[in-house]
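First up is the structure itself, then whatever we jot down about it.
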Amino acid sequence: MMRPIFLVCLFLLHMGLNAQKYTDVGVGFSRLNASAWNETIRTYNDSRFWQENKLPELKNAFNYRIGYSGVAGKGLFLSPSVQYSKFTSQTPADKINLHWVELELACDIFPLEFGMDSVHYRLRPFLRLGYAGSMLLTRVTLADGAAGIDGEPYVPYNWPYIFHAALGLRYQPGSVLGFFLLFDARFAPNAKINDFRTALLGSTYLNSSDQNNVRMLGIQSGITFRIKN
Amino acid sequence: MYYVAPWFLEACAKAEADDVSGIDGTVCIIGAGAAGIYAAAYLMNRGVDVLILEAASRTGGRICSQDSFADFPVELGAEEIHGRRSLLYDLALTFAQADILPEPGENYYWINNVLRDDYYFKHSEVLQGGGQTLLQIAESLAAYEGPDISLQEYLQNFPIDPALTEIANALIANEYGTQLDRISMHALREAEQRYASGIDGYFLKNRSMWSLFESAFPEAIAKVKLNEPVSDIRINDSGLVVKTIYDAEYLAQKVLITVPISILQQSFISFNPPLPQAKQDAIAAIKMDVGSKFILRFSAPFWEENTGSILGGLRIPEYWVSSAGKTSTTNLLTAFVMGDRAAYFQGMADAQIQAELLDELGSLFPTQNPSELCTGILVQRWADEPFIRGAYSYPSPGSTGMREILSEAVGDRMYFAGEACNVNGHIATVHGAMESAYLACKSMMK
């Protein structure tokens, strides 16, 4: 719990300290690799081979980001942001939803401007390196509407942390409005969904783990607004 | 993206690999109960050639029903679906969703010769909280820390009314297929810790349990060779030779043995070469007790309308109303008895069993006259079934960790499945048998 609070404080502190500021809003698409969770889904499908509708693996998500960038040095920005992603696996009867909220603090490096006094480019490549505290909420609803284990509600939440690296382009045609495009990779080591196997399979022994190293590749684009002082 | 970071997306190809069986010969499955038929259907679904040998003249094993005693199929064996997170529940959802019946009615308890309702059991000042304590003990068995004593010895540590001991026997020991003094606390803890399929119970309204399998896996059931009791399994360089008591021989690449643990214990099947010593020790350690079901039919109900089960009888630990919740005009009461109390009824004539049960019911309902209302009895003694020889496996002393050994393959030719092989804590259940069959099939295909 301390991690998100710490990041929020940093964000607020940073907003007040910096002169050159941007806000941005983005929409993106991510591809997930979560082998242990998908192994559980594969086991579910495989052991219930008579079912016509197979649960798809958790793979794709649309995500939504709202962020802020403030200059921290020449060609160097600090960018706190909030991002929401939703991964879904669904048949007409069963549904798994993974809601993933990230609170990230990133450092944006504009290599062509690094150490320079002024900005000369409208098309500005940048490298983003970030670290996010996140909250992972999982919901499993199977065909009979049962969403619990042993009569207890199944509402697991976890706090995985995420490393983030991205290559981006920012296009600034005017003094206020801009656009950005971002190719990003995220890595959440040892992200866990408590009792995911139990919720889906009714067993912890039919496959290996609720925990895995989650990797995501994504693309995101959006608009930026420069905030004038 | 693959070129840039292939390790990011490697999961995508893995699902396809699971569809390849890796088995190019025949798999012989011994036993056509839940584990055997599920395994056969699973393997056939992957294109594996299977041969299913069943010793009895019917499929189903310990799932068995009788159609003429009532206006619905009366279950003589497995009757309950334990929990909603299981292969069996999902099978019922697919093939009999409208017939899934949540466990109907409430429990009644026989305490100090008086039949009491659930409220009395939980809140009576006379019992000084004993009923609640007993339920808490039952819920906390997974957290037991202490020496490996029997459940009976463990219960003596609590200040509960002695009258509740019979109820503990009915709630826990009889349910596990035996009696209080035969359950090992360590083995019970192991089962309780691993159990994860849910605590709710379900029945099927107007169809039999085995009809689910007949609906789901007709091709597998059609392949069963009935009346083929296997007597000998021989491994040679080229594969396996499975021989029946009628000297028929079948060749196979692999064999999956799904017979009850009692059949292995009584050396009904001989193995050449002999099974590893660890496997033999595991077979000896996992016990199966005598168990029976007696179904009494009455012209009218004499029990309270909301009765589900009656717990704590001295002869029969648990009766339940089999006709409750069903679209039926028949009134059935099933007597469910395990261990020594079941052994007491072995060899007894049906009429005498009926008289004994009606005598006890007369004590439970002194203002009624069950004997006058009774119109028949159906007797199922599982220990008398020549290819079953008992009820189901229970958490016996020395069986902790043994189910893993029992379920292990012998080389890459011989595999074991069935409720006794279940390592998930789902012992003594149909879905536990199916899960063990699933794991055996996965192991076979590696």
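Every chain in the structure tokens takes a letter, A first, then B, and so on in the order presented; its residues are numbered from 1, and the ligands are numbered from 1 following the presented order.
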Legend entry - Selection: 8 Å around stretch 35-48 of chain A, only C-alpha atoms, excl. self and same-chain fewer than 6 positions, as a ChimeraX atom specification: /A:54-58,196-197,200-201,206-214 /B:11,15,42,87,90-91,438
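With the cut-off set to 6 Å and only C-alpha atoms counted, chain A residues close to chain B are Asn33, Ser35, Asp150, Gly202, Ser203, Tyr205 and Arg215 of chain A.
Taking only C-alpha atoms, the non-local environment of B:Phe268 within 10 Å (same-chain residues fewer than 4 positions away omitted) comprises B:Pro229, B:Val230, B:Ser231, B:Asp232, B:Ile245, B:Ser262, B:Ile263, B:Leu264, B:Phe387.
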Legend entry - Surrounding residues of B:Asp117 excluding itself and chain neighbours under 2 positions, 6 Å, only C-alpha atoms, as a VMD selection string: chain B and resid 108 119 to 120
Within 12 Å of B:Gly347, counting only C-alpha atoms, which residues qualify if same-chain residues fewer than 5 places away don't, as an mmCIF file with N, CA and C atoms, in the first residue's frame?
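Wrote around_25.cif, looks like this:
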```cif
data_model
loop_
_atom_site.group_PDB
_atom_site.id
_atom_site.type_symbol
_atom_site.label_atom_id
_atom_site.label_comp_id
_atom_site.auth_asym_id
_atom_site.auth_seq_id
_atom_site.Cartn_x
_atom_site.Cartn_y
_atom_site.Cartn_z
ATOM 1 N N SER B 292 -22.230 -49.518 3.196
ATOM 2 C CA SER B 292 -23.505 -49.954 2.601
ATOM 3 C C SER B 292 -24.511 -48.812 2.530
ATOM 4 N N ALA B 342 -21.413 -51.010 9.376
ATOM 5 C CA ALA B 342 -21.807 -51.594 8.093
ATOM 6 C C ALA B 342 -21.493 -53.087 8.099
ATOM 7 N N GLN B 352 -34.344 -58.719 7.637
ATOM 8 C CA GLN B 352 -33.817 -58.441 8.981
ATOM 9 C C GLN B 352 -33.213 -57.038 9.045
ATOM 10 N N ILE B 353 -32.529 -56.655 7.959
ATOM 11 C CA ILE B 353 -31.981 -55.287 7.903
ATOM 12 C C ILE B 353 -33.132 -54.283 8.000
ATOM 13 N N VAL B 379 -31.177 -52.989 -0.806
ATOM 14 C CA VAL B 379 -29.937 -53.180 -0.056
ATOM 15 C C VAL B 379 -28.746 -53.173 -1.008
ATOM 16 N N GLN B 380 -27.788 -52.327 -0.726
ATOM 17 C CA GLN B 380 -26.549 -52.318 -1.512
ATOM 18 C C GLN B 380 -25.365 -52.409 -0.559
ATOM 19 N N ARG B 381 -24.749 -53.597 -0.511
ATOM 20 C CA ARG B 381 -23.550 -53.779 0.325
ATOM 21 C C ARG B 381 -22.341 -53.799 -0.601
ATOM 22 N N ALA B 383 -19.212 -54.014 -0.047
ATOM 23 C CA ALA B 383 -18.157 -54.994 0.239
ATOM 24 C C ALA B 383 -18.476 -56.349 -0.395
ATOM 25 N N ASP B 384 -19.746 -56.561 -0.717
ATOM 26 C CA ASP B 384 -20.139 -57.830 -1.340
ATOM 27 C C ASP B 384 -19.957 -57.820 -2.853
#
```
Inset, instruction - Skip B:Arg116 itself and residues of its chain fewer than 3 positions away, then list as a PyMOL selection string all residues within 12 Å of it, counting only C-alpha atoms. - result: chain B and resi 106-113+119-124+127+131+164+167+303-304+307+309-312+364-365
Next, dump the selected residues to file, keeping only C-alpha atoms, as an mmCIF file, in the first residue's frame.
```cif
data_model
loop_
_atom_site.group_PDB
_atom_site.id
_atom_site.type_symbol
_atom_site.label_atom_id
_atom_site.label_comp_id
_atom_site.auth_asym_id
_atom_site.auth_seq_id
_atom_site.Cartn_x
_atom_site.Cartn_y
_atom_site.Cartn_z
ATOM 1 C CA GLU B 106 -31.935 -29.262 6.951
ATOM 2 C CA ASN B 107 -30.070 -31.511 9.300
ATOM 3 C CA TYR B 108 -31.754 -33.135 12.260
ATOM 4 C CA TYR B 109 -29.714 -34.615 15.088
ATOM 5 C CA TRP B 110 -30.404 -37.470 17.430
ATOM 6 C CA ILE B 111 -29.203 -36.203 20.804
ATOM 7 C CA ASN B 112 -29.828 -38.116 24.017
ATOM 8 C CA ASN B 113 -32.580 -40.153 22.362
ATOM 9 C CA TYR B 119 -31.197 -24.614 15.847
ATOM 10 C CA TYR B 120 -31.161 -26.759 18.967
ATOM 11 C CA PHE B 121 -27.903 -28.388 17.888
ATOM 12 C CA LYS B 122 -26.202 -25.044 17.417
ATOM 13 C CA HIS B 123 -27.737 -22.983 20.201
ATOM 14 C CA SER B 124 -29.028 -25.227 22.966
ATOM 15 C CA LEU B 127 -25.298 -28.712 25.062
ATOM 16 C CA GLY B 131 -22.866 -28.247 18.674
ATOM 17 C CA LEU B 164 -22.371 -35.450 20.229
ATOM 18 C CA ILE B 167 -22.907 -36.851 15.473
ATOM 19 C CA TRP B 303 -40.364 -36.953 8.990
ATOM 20 C CA GLU B 304 -40.549 -33.182 9.084
ATOM 21 C CA THR B 307 -35.711 -32.817 6.635
ATOM 22 C CA SER B 309 -30.453 -35.596 6.853
ATOM 23 C CA ILE B 310 -30.841 -37.268 10.226
ATOM 24 C CA LEU B 311 -27.511 -37.611 11.973
ATOM 25 C CA GLY B 312 -26.368 -39.516 15.032
ATOM 26 C CA LEU B 364 -36.135 -41.624 16.362
ATOM 27 C CA PHE B 365 -39.813 -40.955 15.684
#
```
Legend entry - Pick from A:Gln20, A:Asn190, A:Asn97, A:Gln51 nearest to A:Ser175, counting only C-alpha atoms: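 Of A:Gln20, A:Asn190, A:Asn97, A:Gln51, the one nearest A:Ser175 is A:Gln20, counting only C-alpha atoms.
Straight-line separation from atom CA of B:Ala55 to atom CA of B:Glu419: 17.9 Å.
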Legend entry - Near-B:Val48 list (10 Å; only C-alpha atoms; drop same-chain fewer than 5 positions) as a list in words: Val20, Ser21, Gly22, Ile23, Asp24, Gly25, Thr26, Val27, Ala40, Ala41, Tyr42 and Leu43 of chain B
Based on the selection just made, write all heavy atoms of those residues as a PDB file, in the first residue's frame.
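For reference, part-v5.pdb as written:
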```pdb
ATOM      1  N   VAL B  20      -1.194 -32.995 -28.951  1.00  0.00           N
ATOM      2  CA  VAL B  20      -0.496 -34.165 -29.474  1.00  0.00           C
ATOM      3  C   VAL B  20      -0.345 -35.167 -28.345  1.00  0.00           C
ATOM      4  O   VAL B  20       0.160 -34.851 -27.283  1.00  0.00           O
ATOM      5  CB  VAL B  20       0.884 -33.747 -30.026  1.00  0.00           C
ATOM      6  CG1 VAL B  20       1.593 -34.956 -30.592  1.00  0.00           C
ATOM      7  CG2 VAL B  20       0.718 -32.659 -31.077  1.00  0.00           C
ATOM      8  N   SER B  21      -0.798 -36.411 -28.558  1.00  0.00           N
ATOM      9  CA  SER B  21      -0.793 -37.375 -27.456  1.00  0.00           C
ATOM     10  C   SER B  21       0.585 -37.973 -27.233  1.00  0.00           C
ATOM     11  O   SER B  21       0.966 -38.260 -26.107  1.00  0.00           O
ATOM     12  CB  SER B  21      -1.800 -38.473 -27.739  1.00  0.00           C
ATOM     13  OG  SER B  21      -1.290 -39.360 -28.715  1.00  0.00           O
ATOM     14  N   GLY B  22       1.345 -38.205 -28.299  1.00  0.00           N
ATOM     15  CA  GLY B  22       2.651 -38.841 -28.134  1.00  0.00           C
ATOM     16  C   GLY B  22       2.539 -40.329 -27.865  1.00  0.00           C
ATOM     17  O   GLY B  22       3.522 -40.974 -27.517  1.00  0.00           O
ATOM     18  N   ILE B  23       1.359 -40.897 -28.008  1.00  0.00           N
ATOM     19  CA  ILE B  23       1.152 -42.330 -27.769  1.00  0.00           C
ATOM     20  C   ILE B  23       0.795 -42.968 -29.105  1.00  0.00           C
ATOM     21  O   ILE B  23      -0.174 -42.570 -29.753  1.00  0.00           O
ATOM     22  CB  ILE B  23       0.009 -42.558 -26.756  1.00  0.00           C
ATOM     23  CG1 ILE B  23       0.337 -41.856 -25.435  1.00  0.00           C
ATOM     24  CG2 ILE B  23      -0.230 -44.043 -26.525  1.00  0.00           C
ATOM     25  CD1 ILE B  23      -0.835 -41.790 -24.474  1.00  0.00           C
ATOM     26  N   ASP B  24       1.578 -43.965 -29.527  1.00  0.00           N
ATOM     27  CA  ASP B  24       1.297 -44.545 -30.839  1.00  0.00           C
ATOM     28  C   ASP B  24       0.742 -45.966 -30.755  1.00  0.00           C
ATOM     29  O   ASP B  24       0.465 -46.584 -31.763  1.00  0.00           O
ATOM     30  CB  ASP B  24       2.548 -44.495 -31.735  1.00  0.00           C
ATOM     31  CG  ASP B  24       3.754 -45.093 -31.041  1.00  0.00           C
ATOM     32  OD1 ASP B  24       3.565 -45.744 -30.000  1.00  0.00           O
ATOM     33  OD2 ASP B  24       4.877 -44.902 -31.541  1.00  0.00           O
ATOM     34  N   GLY B  25       0.574 -46.488 -29.558  1.00  0.00           N
ATOM     35  CA  GLY B  25       0.002 -47.824 -29.434  1.00  0.00           C
ATOM     36  C   GLY B  25      -1.315 -47.780 -28.674  1.00  0.00           C
ATOM     37  O   GLY B  25      -1.885 -46.720 -28.439  1.00  0.00           O
ATOM     38  N   THR B  26      -1.771 -48.957 -28.272  1.00  0.00           N
ATOM     39  CA  THR B  26      -3.039 -49.042 -27.543  1.00  0.00           C
ATOM     40  C   THR B  26      -2.817 -48.804 -26.059  1.00  0.00           C
ATOM     41  O   THR B  26      -1.845 -49.282 -25.479  1.00  0.00           O
ATOM     42  CB  THR B  26      -3.653 -50.444 -27.746  1.00  0.00           C
ATOM     43  OG1 THR B  26      -3.866 -50.645 -29.135  1.00  0.00           O
ATOM     44  CG2 THR B  26      -4.971 -50.587 -27.003  1.00  0.00           C
ATOM     45  N   VAL B  27      -3.723 -48.049 -25.465  1.00  0.00           N
ATOM     46  CA  VAL B  27      -3.730 -47.889 -24.011  1.00  0.00           C
ATOM     47  C   VAL B  27      -4.850 -48.772 -23.460  1.00  0.00           C
ATOM     48  O   VAL B  27      -6.004 -48.618 -23.859  1.00  0.00           O
ATOM     49  CB  VAL B  27      -3.954 -46.428 -23.601  1.00  0.00           C
ATOM     50  CG1 VAL B  27      -4.098 -46.317 -22.082  1.00  0.00           C
ATOM     51  CG2 VAL B  27      -2.810 -45.543 -24.080  1.00  0.00           C
ATOM     52  N   ALA B  40     -10.581 -42.762 -20.782  1.00  0.00           N
ATOM     53  CA  ALA B  40     -10.775 -43.291 -22.139  1.00  0.00           C
ATOM     54  C   ALA B  40     -11.263 -42.194 -23.077  1.00  0.00           C
ATOM     55  O   ALA B  40     -10.754 -42.034 -24.192  1.00  0.00           O
ATOM     56  CB  ALA B  40     -11.778 -44.438 -22.095  1.00  0.00           C
ATOM     57  N   ALA B  41     -12.242 -41.423 -22.607  1.00  0.00           N
ATOM     58  CA  ALA B  41     -12.793 -40.355 -23.442  1.00  0.00           C
ATOM     59  C   ALA B  41     -11.735 -39.293 -23.729  1.00  0.00           C
ATOM     60  O   ALA B  41     -11.631 -38.784 -24.849  1.00  0.00           O
ATOM     61  CB  ALA B  41     -14.004 -39.734 -22.754  1.00  0.00           C
ATOM     62  N   TYR B  42     -10.947 -38.971 -22.711  1.00  0.00           N
ATOM     63  CA  TYR B  42      -9.896 -37.964 -22.879  1.00  0.00           C
ATOM     64  C   TYR B  42      -8.885 -38.429 -23.925  1.00  0.00           C
ATOM     65  O   TYR B  42      -8.500 -37.670 -24.824  1.00  0.00           O
ATOM     66  CB  TYR B  42      -9.200 -37.713 -21.535  1.00  0.00           C
ATOM     67  CG  TYR B  42      -8.108 -36.682 -21.589  1.00  0.00           C
ATOM     68  CD1 TYR B  42      -8.395 -35.333 -21.383  1.00  0.00           C
ATOM     69  CD2 TYR B  42      -6.790 -37.038 -21.854  1.00  0.00           C
ATOM     70  CE1 TYR B  42      -7.389 -34.378 -21.440  1.00  0.00           C
ATOM     71  CE2 TYR B  42      -5.779 -36.097 -21.916  1.00  0.00           C
ATOM     72  CZ  TYR B  42      -6.082 -34.764 -21.702  1.00  0.00           C
ATOM     73  OH  TYR B  42      -5.092 -33.824 -21.766  1.00  0.00           O
ATOM     74  N   LEU B  43      -8.452 -39.677 -23.800  1.00  0.00           N
ATOM     75  CA  LEU B  43      -7.439 -40.195 -24.727  1.00  0.00           C
ATOM     76  C   LEU B  43      -8.014 -40.351 -26.134  1.00  0.00           C
ATOM     77  O   LEU B  43      -7.356 -40.019 -27.123  1.00  0.00           O
ATOM     78  CB  LEU B  43      -6.906 -41.535 -24.214  1.00  0.00           C
ATOM     79  CG  LEU B  43      -6.086 -41.459 -22.915  1.00  0.00           C
ATOM     80  CD1 LEU B  43      -5.796 -42.856 -22.374  1.00  0.00           C
ATOM     81  CD2 LEU B  43      -4.778 -40.694 -23.118  1.00  0.00           C
TER      82      LEU B  43
END
```
Inset, instruction - Give me every strand (DSSP E or B) residue in stretch 281-362 of chain B, going by DSSP on the backbone, as an NGL selection string. - result: :B and (288 or 291-298 or 307-311 or 318-321 or 331-338)
